[in-house]
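my_file33.cif (mmCIF, C-alpha atoms)
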data_query
#
loop_
_atom_site.label_atom_id
_atom_site.label_comp_id
_atom_site.auth_asym_id
_atom_site.auth_seq_id
_atom_site.Cartn_x
_atom_site.Cartn_y
_atom_site.Cartn_z
CA MET M 1 86.28 160.75 114.25
CA ALA M 2 84.05 157.71 114.71
CA ILE M 3 87.18 155.54 114.83
CA ALA M 4 88.64 157.73 117.57
CA LEU M 5 85.37 157.42 119.51
CA PHE M 6 85.54 153.64 119.33
CA ILE M 7 89.12 153.67 120.58
CA GLY M 8 87.93 155.90 123.42
CA TYR M 9 85.25 153.34 124.21
CA ARG M 10 87.93 150.64 124.42
CA ALA M 11 89.88 152.90 126.78
CA MET M 12 86.82 153.27 128.98
CA ILE M 13 86.26 149.54 129.37
CA ASN M 14 89.94 149.38 130.35
CA ASN M 15 89.19 151.84 133.18
CA GLU M 16 90.75 154.84 131.42
CA THR M 17 89.19 158.22 130.68
CA PRO M 18 87.58 157.79 127.23
CA VAL M 19 89.65 160.30 125.29
CA ALA M 20 91.28 158.94 122.15
CA CYS M 21 92.77 160.10 118.89
CA ILE M 22 94.14 159.09 115.52
CA LEU M 23 96.86 160.73 113.45
CA VAL M 24 96.16 160.69 109.72
CA SER M 25 98.33 161.58 106.73
CA ARG M 26 96.70 164.42 104.82
CA ARG M 27 98.47 163.27 101.66
CA THR M 28 97.58 159.55 101.69
CA ASN M 29 94.63 159.47 104.13
CA GLU M 30 96.47 156.66 105.96
CA ILE M 31 96.03 156.25 109.71
CA LEU M 32 99.56 156.66 111.06
CA SER M 33 98.87 155.92 114.73
CA ILE M 34 96.22 155.73 117.41
CA GLY M 35 96.33 156.76 121.04
CA TYR M 36 94.12 156.76 124.10
CA ASN M 37 94.52 157.94 127.66
CA ASP M 38 96.81 155.72 129.70
CA THR M 39 97.17 157.80 132.85
CA ASN M 40 95.52 155.33 135.23
CA ARG M 41 97.44 152.23 134.20
CA SER M 42 100.78 154.02 133.87
CA LEU M 43 100.27 156.27 136.92
CA ASN M 44 101.68 159.02 134.68
CA GLY M 45 99.63 162.16 134.27
CA THR M 46 101.31 163.05 130.97
CA ARG M 47 100.21 159.90 129.13
CA HIS M 48 97.38 161.58 127.29
CA ALA M 49 96.07 160.15 124.03
CA GLU M 50 97.86 162.77 121.92
CA PHE M 51 101.26 162.06 123.47
CA ILE M 52 100.91 158.33 122.92
CA ALA M 53 99.93 158.79 119.26
CA ILE M 54 102.81 161.25 118.77
CA ASP M 55 105.30 158.80 120.29
CA LYS M 56 104.25 156.12 117.83
CA VAL M 57 104.79 158.41 114.83
CA MET M 58 108.11 159.59 116.30
CA SER M 59 109.28 155.98 116.25
CA LYS M 60 108.84 155.99 112.46
CA ILE M 61 111.02 159.06 111.98
CA PRO M 62 114.67 158.20 111.21
CA GLU M 63 116.58 158.19 114.49
CA GLN M 64 119.05 160.81 113.32
CA ASP M 65 116.14 163.23 112.68
CA ARG M 66 114.41 162.89 116.06
CA SER M 67 116.50 165.63 117.67
CA ASN M 68 116.03 168.01 114.74
CA LEU M 69 112.92 170.10 115.37
CA SER M 70 112.65 171.36 111.80
CA LYS M 71 112.63 167.79 110.46
CA ILE M 72 110.08 166.73 113.10
CA GLN M 73 107.86 169.61 112.06
CA ALA M 74 108.26 168.64 108.42
CA TRP M 75 106.92 165.17 109.26
CA PHE M 76 103.97 166.36 111.32
CA GLY M 77 103.07 169.28 109.06
CA ASP M 78 101.37 166.81 106.73
CA VAL M 79 99.39 165.20 109.57
CA ILE M 80 95.88 165.84 110.87
CA LEU M 81 94.84 164.88 114.40
CA TYR M 82 91.32 163.68 115.14
CA VAL M 83 90.68 163.64 118.89
CA THR M 84 87.43 163.11 120.76
CA VAL M 85 87.94 166.02 123.18
CA GLU M 86 89.61 169.40 122.60
CA PRO M 87 93.33 169.06 123.48
CA CYS M 88 94.24 170.28 126.92
CA ILE M 89 96.74 173.11 127.33
CA MET M 90 99.64 170.67 127.70
CA CYS M 91 98.72 168.69 124.58
CA ALA M 92 97.90 171.82 122.56
CA SER M 93 101.39 173.11 123.30
CA ALA M 94 103.02 169.82 122.31
CA LEU M 95 101.05 169.74 119.05
CA LYS M 96 102.21 173.25 118.27
CA GLN M 97 105.85 172.43 118.94
CA ILE M 98 105.86 169.41 116.63
CA GLY M 99 104.17 171.46 113.88
CA ILE M 100 100.90 169.51 113.52
CA GLY M 101 99.00 170.36 110.34
CA TYR M 102 95.38 170.42 111.56
CA VAL M 103 93.37 169.36 114.61
CA VAL M 104 89.74 168.20 114.51
CA TYR M 105 88.04 167.47 117.82
CA GLY M 106 84.69 166.40 119.16
CA CYS M 107 83.55 168.26 122.27
CA GLY M 108 85.12 171.29 123.90
CA ASN M 109 87.24 171.03 127.04
CA ASP M 110 85.60 173.46 129.46
CA ARG M 111 88.29 173.14 132.12
CA PHE M 112 91.58 172.79 130.28
CA GLY M 113 90.93 173.43 126.59
CA GLY M 114 93.98 174.73 124.76
CA ASN M 115 92.41 175.20 121.32
CA GLY M 116 90.13 178.11 122.05
CA THR M 117 87.89 177.21 124.99
CA ILE M 118 90.27 178.36 127.76
CA LEU M 119 93.44 179.39 125.93
CA ASN M 120 94.31 179.83 122.26
CA ILE M 121 97.58 177.91 122.40
CA HIS M 122 97.17 176.78 118.78
CA GLN M 123 97.12 180.38 117.54
CA ASP M 124 99.69 182.09 119.76
CA LYS M 125 102.83 183.65 118.27
CA ILE M 126 105.30 181.06 119.54
CA ASN M 127 106.15 178.55 116.79
CA ARG M 128 103.95 178.07 113.76
CA PRO M 129 100.19 178.20 114.53
CA TYR M 130 97.86 175.41 113.45
CA GLN M 131 94.16 175.45 112.62
CA SER M 132 91.65 173.65 114.83
CA TYR M 133 88.05 172.63 114.14
CA GLY M 134 85.66 171.36 116.81
CA GLY M 135 82.12 170.05 117.21
CA VAL M 136 82.49 166.90 115.07
CA LEU M 137 80.50 164.02 116.65
CA ARG M 138 80.58 166.03 119.84
CA THR M 139 77.44 164.58 121.50
CA GLU M 140 78.97 161.12 121.18
CA ALA M 141 82.19 162.38 122.78
CA VAL M 142 80.17 163.90 125.63
CA GLN M 143 78.21 160.68 126.06
CA LEU M 144 81.40 158.64 126.44
CA LEU M 145 82.62 161.01 129.15
CA ARG M 146 79.27 160.86 130.93
CA ASN M 147 79.42 157.07 130.94
CA PHE M 148 82.89 157.16 132.42
CA TYR M 149 82.03 159.59 135.19
CA ILE M 150 78.95 157.71 136.42
CA GLN M 151 81.20 154.80 137.33
CA GLU M 152 82.38 154.34 140.89
CA ASN M 153 86.08 153.97 141.60
CA ASP M 154 86.39 150.94 143.85
CA SER M 155 90.13 151.55 144.14
CA ALA M 156 89.71 154.95 145.78
CA PRO M 157 90.38 155.14 149.56
CA ASN M 158 86.87 156.53 150.08
CA PRO M 159 84.84 155.76 146.96
CA LYS M 160 82.17 158.35 146.25
CA ILE M 161 78.65 157.10 145.72
CA LYS M 162 77.42 158.59 142.46
CA LYS M 163 73.97 160.02 143.15
CA ASN M 164 72.86 160.68 139.58
CA LYS M 165 73.73 157.76 137.33
CA GLU M 166 70.80 158.22 134.96
CA LEU M 167 71.81 159.10 131.41
CA GLU M 168 68.46 158.58 129.68
CA ASN M 169 67.11 161.77 128.05
CA LYS M 170 69.83 163.91 129.61
CA GLU M 171 70.18 167.08 127.58
CA TYR M 172 73.49 168.14 126.05
CA PRO M 173 75.08 171.56 126.45
CA PRO M 174 74.82 173.80 123.37
CA ASN M 175 77.23 173.21 120.52
CA LEU M 176 80.39 175.30 120.26
CA ASP M 177 79.94 179.02 119.72
CA PHE M 178 81.88 178.86 116.48
CA LYS M 179 82.24 182.64 116.33
CA GLY M 180 84.63 182.38 119.26
CA TYR M 181 86.79 179.78 117.54
CA LEU M 182 86.75 180.41 113.79
CA SER M 183 86.28 183.33 111.46
CA PRO M 184 83.52 182.88 108.85
CA GLU M 185 86.20 182.25 106.21
CA GLU M 186 87.92 179.59 108.34
CA PHE M 187 84.61 177.86 109.04
CA VAL M 188 83.63 177.80 105.37
CA GLU M 189 87.07 176.53 104.31
CA PHE M 190 86.68 173.37 106.36
CA PHE M 191 82.94 172.78 106.84
CA GLY M 192 81.58 174.37 103.67
CA GLU M 193 79.20 177.19 102.76
CA GLU M 194 75.99 175.25 103.44
CA ARG M 195 77.05 174.29 106.94
CA TYR M 196 78.03 177.88 107.58
CA SER M 197 74.46 179.01 106.93
CA ALA M 198 73.04 176.30 109.16
CA LEU M 199 75.56 176.17 112.01
CA TYR M 200 77.81 179.18 112.39
CA ASN M 201 75.26 181.22 114.33
CA ASN M 202 73.22 178.28 115.61
CA ARG M 203 74.36 176.32 118.68
CA ASP M 204 71.29 174.05 118.72
CA ARG M 205 72.26 171.84 115.77
CA GLU M 206 74.84 169.11 115.42
CA ILE M 207 77.25 168.74 112.52
CA THR M 208 76.10 165.80 110.38
CA PRO M 209 78.14 163.91 107.77
CA LEU M 210 75.64 164.87 105.08
CA ILE M 211 73.96 168.27 105.21
CA ASN M 212 70.32 168.07 106.36
CA ARG M 213 70.62 164.31 106.75
CA GLY M 214 70.58 162.63 110.15
CA TYR M 215 72.75 159.69 111.06
CA LYS M 216 73.24 156.73 113.32
CA LEU M 217 76.75 155.94 114.43
CA LYS M 218 76.57 152.59 112.67
CA ASP M 219 76.15 154.57 109.42
CA VAL M 220 79.62 156.10 109.75
CA LEU M 221 81.61 153.27 111.34
CA THR M 222 81.71 149.60 110.32
CA ILE M 223 83.73 146.63 111.45
CA GLU M 224 85.59 146.76 108.13
CA ASP M 225 86.77 150.28 108.96
CA LEU M 226 88.21 149.02 112.24
CA LEU M 227 89.80 145.88 110.83
CA GLU M 228 91.95 148.09 108.59
CA ILE M 229 93.71 149.49 111.67
CA THR M 230 96.84 147.46 112.32
CA GLU M 231 97.26 148.75 115.86
CA LEU M 232 93.87 147.39 116.89
CA LYS M 233 95.53 144.02 117.43
CA GLU M 234 97.47 145.59 120.31
CA MET M 235 94.22 146.48 122.04
CA TYR M 236 92.84 142.94 121.82
CA GLN M 237 96.14 141.10 122.24
CA LYS M 238 95.06 138.17 120.11
CA LYS M 239 95.38 137.15 116.49
CA ASP M 240 91.72 136.38 115.82
CA PHE M 241 89.60 139.03 117.52
CA ARG M 242 86.86 139.69 114.95
CA ASP M 243 84.07 138.14 117.05
CA GLU M 244 85.08 140.12 120.13
CA LEU M 245 85.39 143.25 118.02
CA GLU M 246 81.90 142.71 116.61
CA ASP M 247 80.48 142.37 120.14
CA ASP M 248 82.31 145.52 121.21
CA LEU M 249 81.04 147.42 118.21
CA GLN M 250 77.41 146.49 118.90
CA ASN M 251 77.80 147.55 122.55
CA PHE M 252 79.44 150.76 121.36
CA TYR M 253 76.54 151.61 119.03
CA GLY M 254 74.11 151.12 121.89
CA LEU M 255 75.64 153.91 123.98
CA PHE M 256 74.53 156.73 121.69
CA TYR M 257 71.42 158.51 120.51
CA ASP M 258 70.73 159.06 116.82
CA ILE M 259 70.78 162.50 115.20
CA ASN M 260 67.82 163.49 113.02
CA ASP M 261 67.70 165.41 109.74
CA GLU M 262 67.43 168.72 111.62
CA GLY M 263 70.64 168.05 113.51
CA LYS M 264 68.81 167.33 116.76
CA VAL M 265 69.36 164.47 119.20
CA GLU M 266 66.62 161.82 119.04
CA PHE M 267 65.93 160.97 122.66
CA ASN M 268 63.35 158.29 121.82
CA LYS M 269 66.01 155.58 121.65
CA ILE M 270 66.77 153.37 124.65
CA ILE M 271 70.51 153.58 125.20
CA THR M 272 72.94 151.36 127.07
CA GLN M 273 75.12 152.57 129.95
CA ILE M 274 78.68 151.43 130.51
CA ASP M 275 77.85 149.82 133.86
CA GLN M 276 75.70 147.37 131.89
CA ILE M 277 78.74 146.26 129.88
CA GLY M 278 81.52 144.10 131.31
CA GLN M 279 84.99 145.58 131.67
CA THR M 280 88.27 143.99 130.60
CA GLU M 281 91.77 143.76 131.97
CA PRO M 282 93.89 146.87 131.24
CA VAL M 283 95.85 146.72 127.99
CA ASN M 284 99.48 147.82 127.99
CA GLN M 285 100.03 150.33 125.22
CA VAL M 286 103.26 150.64 123.28
CA ASP M 287 106.16 151.83 125.42
CA GLN M 288 107.46 155.35 124.96
CA VAL M 289 110.03 155.44 122.17
CA ASP M 290 113.47 156.93 122.43
CA GLY M 291 113.85 160.49 121.22
CA PRO M 292 112.10 163.75 122.03
CA THR M 293 108.36 163.99 122.64
CA THR M 294 108.02 167.75 122.51
CA ASP M 295 105.98 169.72 125.15
CA LEU M 296 91.44 168.87 101.60
CA GLU M 297 91.26 164.97 100.93
CA CYS M 298 91.61 165.07 104.67
CA LYS M 299 88.16 166.69 104.77
CA LYS M 300 86.70 163.42 103.49
CA ARG M 301 87.72 161.75 106.72
CA LYS M 302 86.76 164.58 109.06
CA LEU M 303 83.36 163.11 110.00
CA ASN M 304 83.82 159.36 109.57
CA SER M 305 87.44 158.70 110.55
#
Turn this file's structure into C-alpha cells for me.
Amino acid sequence: MAIALFIGYRAMINNETPVACILVSRRTNEILSIGYNDTNRSLNGTRHAEFIAIDKVMSKIPEQDRSNLSKIQAWFGDVILYVTVEPCIMCASALKQIGIGYVVYGCGNDRFGGNGTILNIHQDKINRPYQSYGGVLRTEAVQLLRNFYIQENDSAPNPKIKKNKELENKEYPPNLDFKGYLSPEEFVEFFGEERYSALYNNRDREITPLINRGYKLKDVLTIEDLLEITELKEMYQKKDFRDELEDDLQNFYGLFYDINDEGKVEFNKIITQIDQIGQTEPVNQVDQVDGPTTDLECKKRKLNS
C-alpha cells in the first residue's frame, strides 16, 4: 500500500487527484501494473487509477482472449488490487466484471464508495463477488487528499480562495466501522485474530504493520522497493532518475505523521504541505490498449506494498 501512496503522491505533483493503485499477482507477489488518476490531463472522467492499471494488464493477455470474459476473469482472479481510496461505484463494478481476486484499500470513499461505504457492489449477486478490506494506511491516504484539496486551481474560470489551508494537527475521522464491512470471520481471515481483538470494535486505532508496534512511513517503504518497479521509469521519463526519486521520497515522507505503538497519530511532528513542494509537468501515462476494459502470501504485501 505504501507503494500505491507514493504513486498517488507523484500524481498529485502532476496536478492529478492523488488516488493510485497497484495490481499484484497473489501467486508470485509480482507487481503487474500501476495506475493513478489521469482525469485532468486526459479530460476523461473515466481515467481512474483502477482503469489505467487494468488496461496495462489487459495488454499482457493474449489478444485472442481479450474478448472472452471467462478468460479475462481467469487472469484477474489471481490478482489483488491495492488502492489508496475505496473504489468508486464505477470502478467497483469494473473490478467485479473482470473477476478481481481481492481488493485492499486505504481510506473509505464517503461520497462514491462501491465497496461498502455507499453501495456493496463487490458483494452483489451479479457476477462473482470479491472480498474487500479497507483501513490500511488510511490516515496517509486521507493526508494526500487533504494536501490536494488545499491547492488552488489557477486554471479555473473563477478560482476559489481556500480559506483553511492549515493541515497541522488536524484530526482524522474515525477508522472504518469494520462491522459494517466484514464479518468477524472475514476480518480474522485477512487481518488476524490479534488485530480483531484490538480493532474490530475500535475505530480509534490505526492498523499497523506489526501488532502493537508503531511505524513511520520510511519504515515500510524504501527507495529499493520503488526501484524494483519497471513502470516507474514512465513517471520520470528519464533513464537515470535515482537522485530525483530520492528527493521525491524524502518530500513524500515529510507529508505524514507517525503512528505510535497504540495505533494513534503522533501530532508532535512538523509535517510538510504540498504547496511547499514544487510541481512538475504532467506525465503522459500509457495509452489505452485495444480490447475490452470492462465496466495468503498476498497478505505479506498488504501493509507494505
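For Glu86 of chain M, the non-local neighbours within 6 Å, defined as residues at least 4 positions apart in the same chain or in other chains and counting all atoms listed in the file, are M:Tyr105, M:Gly108, M:Asn109, M:Gly113.
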With a distance cut-off of 6 Å and all atoms listed in the file, select the neighbouring residues of Phe76 of chain M, excluding the residue or stretch itself and same-chain residues fewer than 2 positions from it, and output the selection as a ChimeraX atom specification. /M:73-74,78-79,99-100
Result set, the PyMOL selection byres ((chain M and resi 95) around 9) on current file, as JSON, numbers by chain: {"M": [50, 51, 54, 76, 87, 90, 91, 92, 93, 94, 96, 97, 98, 99, 100, 101, 103, 122, 130, 294, 295]}
Might you pull out every residue within 9 Å of segment 245-258 of chain M, with only C-alpha atoms counted and same-chain residues fewer than 5 positions away left off, and present them as an mmCIF file with C-alpha atoms, keeping the file's coordinate frame?
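After the write, around.cif holds the following:
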data_model
loop_
_atom_site.group_PDB
_atom_site.id
_atom_site.type_symbol
_atom_site.label_atom_id
_atom_site.label_comp_id
_atom_site.auth_asym_id
_atom_site.auth_seq_id
_atom_site.Cartn_x
_atom_site.Cartn_y
_atom_site.Cartn_z
ATOM 1 C CA PHE M 6 85.540 153.640 119.330
ATOM 2 C CA TYR M 9 85.250 153.340 124.210
ATOM 3 C CA ARG M 10 87.930 150.640 124.420
ATOM 4 C CA THR M 139 77.440 164.580 121.500
ATOM 5 C CA GLU M 140 78.970 161.120 121.180
ATOM 6 C CA GLN M 143 78.210 160.680 126.060
ATOM 7 C CA LEU M 144 81.400 158.640 126.440
ATOM 8 C CA ASN M 147 79.420 157.070 130.940
ATOM 9 C CA GLY M 214 70.580 162.630 110.150
ATOM 10 C CA TYR M 215 72.750 159.690 111.060
ATOM 11 C CA LYS M 216 73.240 156.730 113.320
ATOM 12 C CA LEU M 217 76.750 155.940 114.430
ATOM 13 C CA LYS M 218 76.570 152.590 112.670
ATOM 14 C CA THR M 222 81.710 149.600 110.320
ATOM 15 C CA ILE M 223 83.730 146.630 111.450
ATOM 16 C CA LEU M 226 88.210 149.020 112.240
ATOM 17 C CA LEU M 227 89.800 145.880 110.830
ATOM 18 C CA TYR M 236 92.840 142.940 121.820
ATOM 19 C CA LYS M 264 68.810 167.330 116.760
ATOM 20 C CA VAL M 265 69.360 164.470 119.200
ATOM 21 C CA GLU M 266 66.620 161.820 119.040
ATOM 22 C CA PHE M 267 65.930 160.970 122.660
ATOM 23 C CA ASN M 268 63.350 158.290 121.820
ATOM 24 C CA LYS M 269 66.010 155.580 121.650
ATOM 25 C CA ILE M 270 66.770 153.370 124.650
ATOM 26 C CA ILE M 271 70.510 153.580 125.200
ATOM 27 C CA THR M 272 72.940 151.360 127.070
ATOM 28 C CA GLN M 273 75.120 152.570 129.950
ATOM 29 C CA ILE M 274 78.680 151.430 130.510
ATOM 30 C CA ILE M 277 78.740 146.260 129.880
#
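Each of M:Ile211, M:Leu137, M:Leu176, M:Leu69 was compared to Glu193 of chain M using all atoms listed in the file, and M:Ile211 turns out to be the nearest.
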Shell around segment 22-38 of chain M at 8 Å using all atoms listed in the file, local window under 5 positions removed, as a ChimeraX atom specification: /M:3-4,7-8,11,16-17,44,47-54,56-57,78-83,229,231,285,296-298,301
Decode the PyMOL selection byres ((chain M and resi 205) around 6) for the given file into explicit residues and return them as a PDB file with C-alpha atoms, keeping the file's coordinate frame.
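Final output, saved to out-v4.pdb:
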ATOM      1  CA  ARG M 203      74.360 176.320 118.680  1.00  0.00           C
ATOM      2  CA  ASP M 204      71.290 174.050 118.720  1.00  0.00           C
ATOM      3  CA  GLU M 206      74.840 169.110 115.420  1.00  0.00           C
ATOM      4  CA  GLY M 263      70.640 168.050 113.510  1.00  0.00           C
ATOM      5  CA  LYS M 264      68.810 167.330 116.760  1.00  0.00           C
TER       6      LYS M 264
END
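Between atom CA of Arg138 of chain M and atom CA of Pro18 of chain M lies a distance of 13.1 Å.
Nearest-residue note for Glu228 of chain M: choosing from M:Arg242, M:Ile121, M:Lys170, M:Phe187, the minimum distance belongs to M:Arg242, counting only C-alpha atoms.
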